[in-house]
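Quick look at data-v1.json (JSON, C-alpha atoms and all ligand atoms):
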[["chain", "number", "residue", "atom", "x", "y", "z"],
["A", 1, "MET", "CA", 91.27, -53.64, -70.35],
["A", 2, "PRO", "CA", 87.69, -52.34, -70.18],
["A", 3, "GLU", "CA", 86.98, -50.37, -67.04],
["A", 4, "LYS", "CA", 84.76, -52.03, -64.47],
["A", 5, "PRO", "CA", 81.50, -50.08, -64.16],
["A", 6, "VAL", "CA", 81.14, -48.35, -60.80],
["A", 7, "THR", "CA", 78.17, -49.84, -58.97],
["A", 8, "MET", "CA", 76.87, -47.95, -55.97],
["A", 9, "PRO", "CA", 75.91, -50.11, -53.01],
["A", 10, "PRO", "CA", 72.15, -50.14, -52.42],
["A", 11, "VAL", "CA", 70.99, -48.02, -49.50],
["A", 12, "PHE", "CA", 68.37, -49.41, -47.09],
["A", 13, "ARG", "CA", 66.66, -47.79, -44.13],
["A", 14, "PHE", "CA", 64.62, -48.84, -41.14],
["A", 15, "ALA", "CA", 62.33, -45.97, -40.14],
["A", 16, "PRO", "CA", 60.42, -46.57, -36.89],
["A", 17, "SER", "CA", 58.38, -43.97, -35.01],
["A", 18, "PRO", "CA", 59.24, -43.70, -31.29],
["A", 19, "ASN", "CA", 55.60, -43.69, -30.17],
["A", 20, "GLY", "CA", 55.77, -47.08, -28.43],
["A", 21, "TYR", "CA", 58.12, -50.01, -27.89],
["A", 22, "LEU", "CA", 59.24, -51.99, -30.94],
["A", 23, "HIS", "CA", 57.40, -55.31, -31.29],
["A", 24, "LEU", "CA", 57.84, -58.49, -33.33],
["A", 25, "GLY", "CA", 56.54, -56.78, -36.50],
["A", 26, "HIS", "CA", 59.32, -54.18, -36.24],
["A", 27, "ALA", "CA", 61.85, -56.95, -35.57],
["A", 28, "LEU", "CA", 60.83, -58.65, -38.83],
["A", 29, "SER", "CA", 61.18, -55.38, -40.77],
["A", 30, "ALA", "CA", 64.54, -54.47, -39.21],
["A", 31, "LEU", "CA", 65.91, -57.99, -39.70],
["A", 32, "ILE", "CA", 64.82, -58.20, -43.36],
["A", 33, "ASN", "CA", 66.44, -54.79, -44.00],
["A", 34, "HIS", "CA", 69.60, -55.96, -42.24],
["A", 35, "ASP", "CA", 69.74, -59.32, -44.07],
["A", 36, "MET", "CA", 69.04, -57.80, -47.51],
["A", 37, "ALA", "CA", 71.64, -55.04, -46.96],
["A", 38, "LYS", "CA", 74.21, -57.64, -45.92],
["A", 39, "ALA", "CA", 73.49, -59.92, -48.88],
["A", 40, "ALA", "CA", 73.80, -56.99, -51.32],
["A", 41, "ASP", "CA", 76.87, -55.39, -49.67],
["A", 42, "GLY", "CA", 74.59, -52.43, -49.08],
["A", 43, "ARG", "CA", 74.34, -49.72, -46.44],
["A", 44, "LEU", "CA", 71.73, -49.67, -43.68],
["A", 45, "LEU", "CA", 70.44, -46.41, -42.23],
["A", 46, "LEU", "CA", 68.17, -45.82, -39.25],
["A", 47, "ARG", "CA", 65.68, -42.95, -39.32],
["A", 48, "ILE", "CA", 63.72, -41.88, -36.28],
["A", 49, "GLU", "CA", 60.30, -40.70, -37.52],
["A", 50, "ASP", "CA", 59.43, -38.41, -34.61],
["A", 51, "ILE", "CA", 57.43, -35.60, -36.20],
["A", 52, "ASP", "CA", 54.32, -36.53, -34.23],
["A", 53, "ILE", "CA", 55.54, -34.71, -31.14],
["A", 54, "THR", "CA", 52.40, -35.46, -29.15],
["A", 55, "ARG", "CA", 53.00, -39.24, -29.24],
["A", 56, "CYS", "CA", 56.78, -39.66, -29.46],
["A", 57, "ARG", "CA", 58.78, -40.09, -26.24],
["A", 58, "PRO", "CA", 62.55, -40.20, -25.49],
["A", 59, "GLU", "CA", 62.31, -43.55, -23.67],
["A", 60, "PHE", "CA", 60.80, -45.18, -26.78],
["A", 61, "GLU", "CA", 63.58, -43.73, -28.93],
["A", 62, "LYS", "CA", 66.25, -45.03, -26.54],
["A", 63, "SER", "CA", 64.69, -48.46, -26.59],
["A", 64, "ILE", "CA", 64.81, -48.54, -30.44],
["A", 65, "HIS", "CA", 68.61, -48.31, -30.20],
["A", 66, "ASP", "CA", 68.76, -50.89, -27.37],
["A", 67, "ASP", "CA", 66.50, -53.37, -29.21],
["A", 68, "LEU", "CA", 68.43, -53.10, -32.48],
["A", 69, "ALA", "CA", 71.78, -53.52, -30.68],
["A", 70, "TRP", "CA", 70.39, -56.60, -28.92],
["A", 71, "LEU", "CA", 69.23, -58.05, -32.25],
["A", 72, "GLY", "CA", 72.74, -57.48, -33.66],
["A", 73, "ILE", "CA", 71.61, -54.90, -36.21],
["A", 74, "GLU", "CA", 74.21, -52.25, -37.02],
["A", 75, "TYR", "CA", 73.36, -49.03, -38.83],
["A", 76, "GLU", "CA", 75.25, -45.97, -39.94],
["A", 77, "HIS", "CA", 75.66, -42.83, -37.87],
["A", 78, "PRO", "CA", 74.59, -40.09, -37.55],
["A", 79, "VAL", "CA", 71.00, -41.24, -37.27],
["A", 80, "ARG", "CA", 68.49, -38.89, -38.92],
["A", 81, "ARG", "CA", 65.82, -37.64, -36.53],
["A", 82, "GLN", "CA", 62.95, -36.03, -38.40],
["A", 83, "SER", "CA", 62.25, -33.48, -35.67],
["A", 84, "GLU", "CA", 65.65, -31.92, -36.46],
["A", 85, "HIS", "CA", 64.87, -31.41, -40.15],
["A", 86, "THR", "CA", 61.51, -29.67, -40.30],
["A", 87, "ASP", "CA", 63.02, -26.95, -42.51],
["A", 88, "ALA", "CA", 63.54, -29.53, -45.28],
["A", 89, "TYR", "CA", 59.84, -30.50, -45.17],
["A", 90, "ALA", "CA", 58.81, -26.82, -45.08],
["A", 91, "GLN", "CA", 60.87, -26.20, -48.23],
["A", 92, "ALA", "CA", 59.15, -29.10, -50.00],
["A", 93, "LEU", "CA", 55.75, -27.74, -48.98],
["A", 94, "ASP", "CA", 56.75, -24.26, -50.21],
["A", 95, "ARG", "CA", 57.62, -25.74, -53.57],
["A", 96, "LEU", "CA", 54.18, -27.35, -53.82],
["A", 97, "LYS", "CA", 52.62, -24.02, -52.77],
["A", 98, "GLU", "CA", 54.50, -22.25, -55.56],
["A", 99, "MET", "CA", 53.17, -24.86, -57.98],
["A", 100, "ASP", "CA", 49.67, -24.19, -56.62],
["A", 101, "LEU", "CA", 49.18, -27.85, -55.81],
["A", 102, "VAL", "CA", 48.29, -27.53, -52.12],
["A", 103, "TYR", "CA", 45.59, -25.63, -50.29],
["A", 104, "PRO", "CA", 44.80, -24.78, -46.67],
["A", 105, "ALA", "CA", 42.02, -26.99, -45.32],
["A", 106, "PHE", "CA", 40.01, -25.68, -42.37],
["A", 107, "MET", "CA", 37.58, -28.48, -41.48],
["A", 108, "SER", "CA", 38.37, -30.37, -38.29],
["A", 109, "ARG", "CA", 38.04, -34.14, -38.16],
["A", 110, "GLY", "CA", 34.71, -33.73, -36.33],
["A", 111, "GLU", "CA", 33.40, -31.31, -38.97],
["A", 112, "VAL", "CA", 34.36, -33.72, -41.76],
["A", 113, "LYS", "CA", 32.55, -36.51, -39.90],
["A", 114, "ARG", "CA", 29.38, -34.42, -39.55],
["A", 115, "PHE", "CA", 29.56, -33.26, -43.18],
["A", 116, "VAL", "CA", 29.90, -36.84, -44.42],
["A", 117, "ALA", "CA", 27.12, -38.09, -42.11],
["A", 118, "ASP", "CA", 24.81, -35.38, -43.55],
["A", 119, "GLU", "CA", 25.70, -36.35, -47.11],
["A", 120, "GLU", "CA", 25.10, -40.01, -46.35],
["A", 121, "ALA", "CA", 21.78, -39.20, -44.68],
["A", 122, "ARG", "CA", 20.81, -37.66, -48.02],
["A", 123, "GLY", "CA", 21.57, -40.98, -49.71],
["A", 124, "ARG", "CA", 24.96, -40.06, -51.10],
["A", 125, "ASP", "CA", 27.69, -42.71, -51.01],
["A", 126, "TRP", "CA", 30.75, -40.84, -49.66],
["A", 127, "PRO", "CA", 34.10, -42.26, -50.84],
["A", 128, "ARG", "CA", 36.59, -43.63, -48.28],
["A", 129, "ASP", "CA", 40.34, -44.05, -48.54],
["A", 130, "PRO", "CA", 42.07, -47.47, -48.27],
["A", 131, "ASP", "CA", 42.28, -46.98, -44.47],
["A", 132, "GLY", "CA", 38.50, -46.44, -44.32],
["A", 133, "ALA", "CA", 38.61, -42.68, -43.61],
["A", 134, "PRO", "CA", 36.18, -40.48, -45.59],
["A", 135, "LEU", "CA", 37.83, -38.39, -48.31],
["A", 136, "TYR", "CA", 38.13, -34.68, -47.50],
["A", 137, "PRO", "CA", 35.16, -32.65, -48.81],
["A", 138, "PRO", "CA", 35.96, -30.42, -51.80],
["A", 139, "ASP", "CA", 34.73, -27.05, -50.42],
["A", 140, "ASP", "CA", 38.07, -25.67, -49.14],
["A", 141, "ARG", "CA", 39.76, -26.50, -52.44],
["A", 142, "LYS", "CA", 37.44, -24.04, -54.14],
["A", 143, "LEU", "CA", 37.91, -21.27, -51.56],
["A", 144, "PRO", "CA", 39.17, -18.06, -53.21],
["A", 145, "ARG", "CA", 42.81, -17.48, -52.29],
["A", 146, "ALA", "CA", 42.11, -14.08, -50.64],
["A", 147, "GLU", "CA", 39.49, -15.64, -48.38],
["A", 148, "ALA", "CA", 41.83, -18.49, -47.42],
["A", 149, "GLU", "CA", 44.61, -16.00, -46.67],
["A", 150, "ALA", "CA", 42.28, -13.89, -44.56],
["A", 151, "ARG", "CA", 41.27, -16.93, -42.51],
["A", 152, "ILE", "CA", 44.91, -17.91, -41.99],
["A", 153, "ALA", "CA", 45.75, -14.33, -40.96],
["A", 154, "ALA", "CA", 42.85, -14.44, -38.49],
["A", 155, "GLY", "CA", 44.41, -17.51, -36.89],
["A", 156, "ASP", "CA", 41.95, -20.15, -38.15],
["A", 157, "GLN", "CA", 43.33, -23.62, -37.46],
["A", 158, "HIS", "CA", 44.19, -25.38, -40.73],
["A", 159, "VAL", "CA", 46.29, -28.09, -42.34],
["A", 160, "TRP", "CA", 47.72, -28.18, -45.88],
["A", 161, "ARG", "CA", 46.34, -30.72, -48.34],
["A", 162, "LEU", "CA", 47.43, -31.83, -51.77],
["A", 163, "ASP", "CA", 45.01, -31.00, -54.57],
["A", 164, "MET", "CA", 45.04, -34.56, -55.90],
["A", 165, "ALA", "CA", 43.38, -33.86, -59.26],
["A", 166, "GLU", "CA", 45.73, -30.96, -60.05],
["A", 167, "ALA", "CA", 48.73, -32.89, -58.81],
["A", 168, "LEU", "CA", 47.92, -35.83, -61.06],
["A", 169, "ALA", "CA", 47.44, -33.53, -64.03],
["A", 170, "THR", "CA", 50.81, -31.89, -63.30],
["A", 171, "ALA", "CA", 52.69, -35.15, -62.80],
["A", 172, "SER", "CA", 51.28, -36.38, -66.15],
["A", 173, "SER", "CA", 53.74, -39.30, -66.45],
["A", 174, "ALA", "CA", 52.53, -42.74, -65.34],
["A", 175, "LEU", "CA", 53.37, -43.19, -61.68],
["A", 176, "SER", "CA", 54.86, -46.63, -61.82],
["A", 177, "PHE", "CA", 57.31, -48.19, -59.40],
["A", 178, "ILE", "CA", 59.33, -51.38, -59.16],
["A", 179, "GLU", "CA", 58.13, -53.66, -56.39],
["A", 180, "THR", "CA", 60.21, -56.68, -55.40],
["A", 181, "GLY", "CA", 58.17, -57.87, -52.40],
["A", 182, "PRO", "CA", 56.67, -61.37, -52.81],
["A", 183, "ALA", "CA", 53.01, -60.28, -52.66],
["A", 184, "HIS", "CA", 53.00, -57.93, -55.68],
["A", 185, "ALA", "CA", 56.37, -58.21, -57.49],
["A", 186, "GLY", "CA", 56.69, -56.37, -60.80],
["A", 187, "ARG", "CA", 56.47, -52.88, -62.28],
["A", 188, "LEU", "CA", 53.26, -51.50, -60.83],
["A", 189, "THR", "CA", 51.15, -48.52, -61.82],
["A", 190, "LEU", "CA", 48.67, -47.69, -59.09],
["A", 191, "ASP", "CA", 46.30, -44.79, -58.71],
["A", 192, "PRO", "CA", 46.97, -42.43, -55.76],
["A", 193, "SER", "CA", 43.62, -40.68, -56.17],
["A", 194, "VAL", "CA", 41.93, -43.33, -53.97],
["A", 195, "TRP", "CA", 43.42, -41.33, -51.05],
["A", 196, "GLY", "CA", 41.78, -38.06, -52.08],
["A", 197, "ASP", "CA", 43.44, -34.78, -51.05],
["A", 198, "VAL", "CA", 46.04, -36.20, -48.64],
["A", 199, "MET", "CA", 47.26, -34.10, -45.75],
["A", 200, "LEU", "CA", 50.84, -32.86, -46.11],
["A", 201, "TRP", "CA", 51.18, -30.50, -43.16],
["A", 202, "ARG", "CA", 49.38, -30.57, -39.83],
["A", 203, "TRP", "CA", 48.76, -27.68, -37.54],
["A", 204, "ASP", "CA", 49.87, -29.73, -34.51],
["A", 205, "ALA", "CA", 52.93, -31.41, -36.06],
["A", 206, "PRO", "CA", 55.54, -30.15, -38.48],
["A", 207, "SER", "CA", 54.93, -31.95, -41.80],
["A", 208, "SER", "CA", 53.12, -35.26, -42.29],
["A", 209, "TYR", "CA", 54.20, -38.85, -42.80],
["A", 210, "HIS", "CA", 53.83, -38.72, -46.60],
["A", 211, "LEU", "CA", 55.85, -35.54, -47.13],
["A", 212, "SER", "CA", 58.65, -36.23, -44.66],
["A", 213, "VAL", "CA", 59.15, -39.81, -45.81],
["A", 214, "VAL", "CA", 59.70, -38.90, -49.47],
["A", 215, "VAL", "CA", 61.91, -35.90, -48.64],
["A", 216, "ASP", "CA", 64.07, -37.98, -46.28],
["A", 217, "ASP", "CA", 64.36, -41.03, -48.53],
["A", 218, "ALA", "CA", 65.67, -38.72, -51.26],
["A", 219, "LEU", "CA", 67.98, -36.67, -49.01],
["A", 220, "GLN", "CA", 69.42, -39.84, -47.50],
["A", 221, "GLY", "CA", 69.91, -41.45, -50.91],
["A", 222, "VAL", "CA", 67.76, -44.48, -50.05],
["A", 223, "THR", "CA", 67.50, -46.77, -53.07],
["A", 224, "LEU", "CA", 65.63, -49.80, -51.70],
["A", 225, "ILE", "CA", 62.69, -49.25, -49.35],
["A", 226, "VAL", "CA", 61.89, -52.37, -47.34],
["A", 227, "ARG", "CA", 58.80, -52.00, -45.15],
["A", 228, "GLY", "CA", 55.58, -53.76, -44.18],
["A", 229, "LEU", "CA", 52.65, -54.44, -46.52],
["A", 230, "ASP", "CA", 50.55, -52.03, -44.41],
["A", 231, "LEU", "CA", 52.33, -49.21, -46.29],
["A", 232, "PHE", "CA", 51.97, -50.73, -49.76],
["A", 233, "ALA", "CA", 48.79, -48.75, -50.50],
["A", 234, "ALA", "CA", 50.52, -45.45, -49.59],
["A", 235, "THR", "CA", 53.29, -46.00, -52.17],
["A", 236, "PRO", "CA", 51.43, -44.38, -55.13],
["A", 237, "VAL", "CA", 51.10, -41.18, -53.03],
["A", 238, "HIS", "CA", 54.84, -41.29, -52.40],
["A", 239, "ARG", "CA", 55.56, -41.81, -56.10],
["A", 240, "LEU", "CA", 53.34, -38.84, -56.93],
["A", 241, "LEU", "CA", 55.16, -36.57, -54.45],
["A", 242, "GLN", "CA", 58.55, -37.78, -55.72],
["A", 243, "THR", "CA", 57.50, -36.94, -59.27],
["A", 244, "LEU", "CA", 56.20, -33.47, -58.34],
["A", 245, "LEU", "CA", 59.33, -32.67, -56.31],
["A", 246, "ASP", "CA", 61.78, -34.11, -58.89],
["A", 247, "LEU", "CA", 63.07, -36.75, -56.49],
["A", 248, "PRO", "CA", 64.50, -40.10, -57.59],
["A", 249, "ALA", "CA", 62.31, -43.23, -57.58],
["A", 250, "PRO", "CA", 63.53, -45.89, -55.15],
["A", 251, "ILE", "CA", 62.71, -49.59, -55.53],
["A", 252, "TYR", "CA", 60.10, -50.87, -53.07],
["A", 253, "HIS", "CA", 59.90, -54.17, -51.23],
["A", 254, "HIS", "CA", 56.85, -54.66, -49.01],
["A", 255, "HIS", "CA", 57.10, -57.65, -46.72],
["A", 256, "ARG", "CA", 54.47, -59.72, -44.90],
["A", 257, "LEU", "CA", 53.13, -58.54, -41.55],
["A", 258, "ILE", "CA", 53.19, -60.33, -38.23],
["A", 259, "LEU", "CA", 49.63, -60.74, -37.05],
["A", 260, "GLY", "CA", 48.42, -60.98, -33.46],
["A", 261, "GLU", "CA", 46.23, -63.76, -32.12],
["A", 262, "ASP", "CA", 43.17, -61.76, -33.20],
["A", 263, "GLY", "CA", 44.43, -61.93, -36.81],
["A", 264, "ARG", "CA", 45.16, -58.20, -36.87],
["A", 265, "LYS", "CA", 48.41, -56.33, -37.40],
["A", 266, "LEU", "CA", 50.39, -55.99, -34.17],
["A", 267, "SER", "CA", 50.12, -52.63, -32.49],
["A", 268, "LYS", "CA", 52.42, -50.92, -30.06],
["A", 269, "SER", "CA", 49.80, -51.24, -27.33],
["A", 270, "GLN", "CA", 50.07, -55.05, -27.41],
["A", 271, "GLY", "CA", 52.82, -55.10, -24.81],
["A", 272, "ASP", "CA", 53.34, -58.88, -24.81],
["A", 273, "THR", "CA", 55.03, -58.78, -28.20],
["A", 274, "ALA", "CA", 57.31, -55.85, -27.30],
["A", 275, "LEU", "CA", 60.93, -56.83, -27.87],
["A", 276, "SER", "CA", 61.96, -55.41, -24.49],
["A", 277, "ALA", "CA", 59.35, -57.60, -22.75],
["A", 278, "LEU", "CA", 60.43, -60.70, -24.68],
["A", 279, "ARG", "CA", 64.06, -59.95, -23.83],
["A", 280, "SER", "CA", 63.21, -59.65, -20.12],
["A", 281, "ALA", "CA", 61.30, -62.93, -20.38],
["A", 282, "GLY", "CA", 64.58, -64.62, -21.41],
["A", 283, "LEU", "CA", 64.19, -64.94, -25.19],
["A", 284, "SER", "CA", 67.37, -64.65, -27.29],
["A", 285, "PRO", "CA", 67.81, -62.86, -30.65],
["A", 286, "VAL", "CA", 67.79, -66.32, -32.30],
["A", 287, "ASP", "CA", 64.40, -67.00, -30.67],
["A", 288, "ILE", "CA", 63.12, -63.70, -32.11],
["A", 289, "ARG", "CA", 64.26, -64.68, -35.61],
["A", 290, "ARG", "CA", 62.42, -67.96, -35.21],
["A", 291, "ARG", "CA", 59.28, -66.25, -33.83],
["A", 292, "VAL", "CA", 59.08, -63.97, -36.91],
["A", 293, "GLY", "CA", 59.68, -66.85, -39.33],
["A", 294, "LEU", "CA", 63.27, -66.09, -40.33],
["A", 295, "THR", "CA", 65.90, -68.80, -40.01],
["B", 1, "LIG", "N1", 57.52, -44.66, -39.53],
["B", 1, "LIG", "C1", 56.68, -45.62, -40.17],
["B", 1, "LIG", "C2", 56.19, -46.62, -39.14],
["B", 1, "LIG", "O1", 56.76, -46.72, -38.06],
["B", 1, "LIG", "C3", 57.37, -46.37, -41.28],
["B", 1, "LIG", "C4", 57.65, -45.51, -42.45],
["B", 1, "LIG", "C5", 58.15, -46.19, -43.70],
["B", 1, "LIG", "O2", 58.80, -47.26, -43.59],
["B", 1, "LIG", "O3", 57.94, -45.67, -44.78],
["B", 1, "LIG", "O4", 55.23, -47.31, -39.41]]

Could you spell out this file's structure in structure tokens?
Amino acid sequence: MPEKPVTMPPVFRFAPSPNGYLHLGHALSALINHDMAKAADGRLLLRIEDIDITRCRPEFEKSIHDDLAWLGIEYEHPVRRQSEHTDAYAQALDRLKEMDLVYPAFMSRGEVKRFVADEEARGRDWPRDPDGAPLYPPDDRKLPRAEAEARIAAGDQHVWRLDMAEALATASSALSFIETGPAHAGRLTLDPSVWGDVMLWRWDAPSSYHLSVVVDDALQGVTLIVRGLDLFAATPVHRLLQTLLDLPAPIYHHHRLILGEDGRKLSKSQGDTALSALRSAGLSPVDIRRRVGLT
């Protein structure tokens, strides 16, 4: 009899940041992850994305666990907390340093703003990233290494940025990914250079969202990334980092967002959609499913 091929169960993850209470948008994301994992006999992981130490708080983290338990969403333990794994992100950054694909960037946000305002006053159209932020000026990229090292040794505040042009030249292969979300399904090839030289390491937080998310998805063996459409545009950056760091390519599924009454994405400051507030107001998990359009 022919042997049955071994099929690994797909691995999903819900990856909230404990910088506020979970709201209806998070409920939709967690429930879709849960439902898809169940339907596929897959595994569901929870990852606490708490590298932004200035904004994350223990009470928000506790309430993530309480809200998910209330919704009936089970996930595997131990739960990965990013703040406990900064060495893994440092190693990834070191690898990119060895490849000469990152550089220390010394301009503060205010300095970038002034630089761009000056350029625009001279009639130059300064490019912006998909979030509307101006791309980082090229000057630091051209700084001689000895000068950059001297500034670091002198204690100059800096972050580490990816040299996008060099990174793209090094990755060489087309950065495609499989997307199964309803808005863009197919094999997609998108250009990460619209983000410019993305930040990979901040002076005030270990790592950055882009670097930690690709390192963790690989280390945790995540195969199907289900998250909101607000992160769709960041996916080409993640595919680029995965390619540079020799990490596997997961499948992506970006789902619709829940919008507030003003037509904008819900934010954690809109307390009336917080799951804890809705729970206190007497809503049940079934009501939440209905509110986010899942039956
Ligand atoms: N931590 C991110 C957030 O709360 C989600 C990261 C991801 O799903 O890739 O928006």

Show me which residues line ligand LIG 1 (chain B), defined as having an atom within 9 Å of a ligand atom where all atoms listed in the file count, and present them as a PyMOL selection string. chain A and resi 13-19+26+29+47-50+209-210+213-214+217+225-228+230-231+234-235

Between A:Leu28, A:Val286, A:Thr7, A:Ser280, which has the minimum distance to Asp41 in chain A (counting all atoms listed in the file)? A:Thr7

At a cut-off of 10 Å, using all atoms listed in the file, what residues contact range 119-127 of chain A? Leave out same-chain residues fewer than 5 positions from it and give the result as a ChimeraX atom specification. /A:113-114,132-137,194-196

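Distances here use only C-alpha atoms; by that measure, the residue among A:Leu162, A:Ala153, A:Val79, A:Ala171 closest to Leu244 in chain A is A:Ala171.
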
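The gap separating CA of Ser207 in chain A from CA of Ser108 in chain A is 17.0 Å, in Å to one decimal.
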
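CA of His23 in chain A to CA of His184 in chain A spans 24.9 Å [interatomic distance, one decimal].
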
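With all atoms listed in the file as the basis for measurement, A:Ala165 is the residue among A:Ala165, A:Leu175, A:Ala218, A:Ser212 that approaches Ser193 in chain A most closely.
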
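Using all atoms listed in the file, the shortest contact distance between Arg289 in chain A and any of A:Ala185, A:Ala167, A:Leu275, A:Met8 is found at A:Leu275.
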
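CA of Leu22 in chain A lies 10.1 Å from CA of His65 in chain A.
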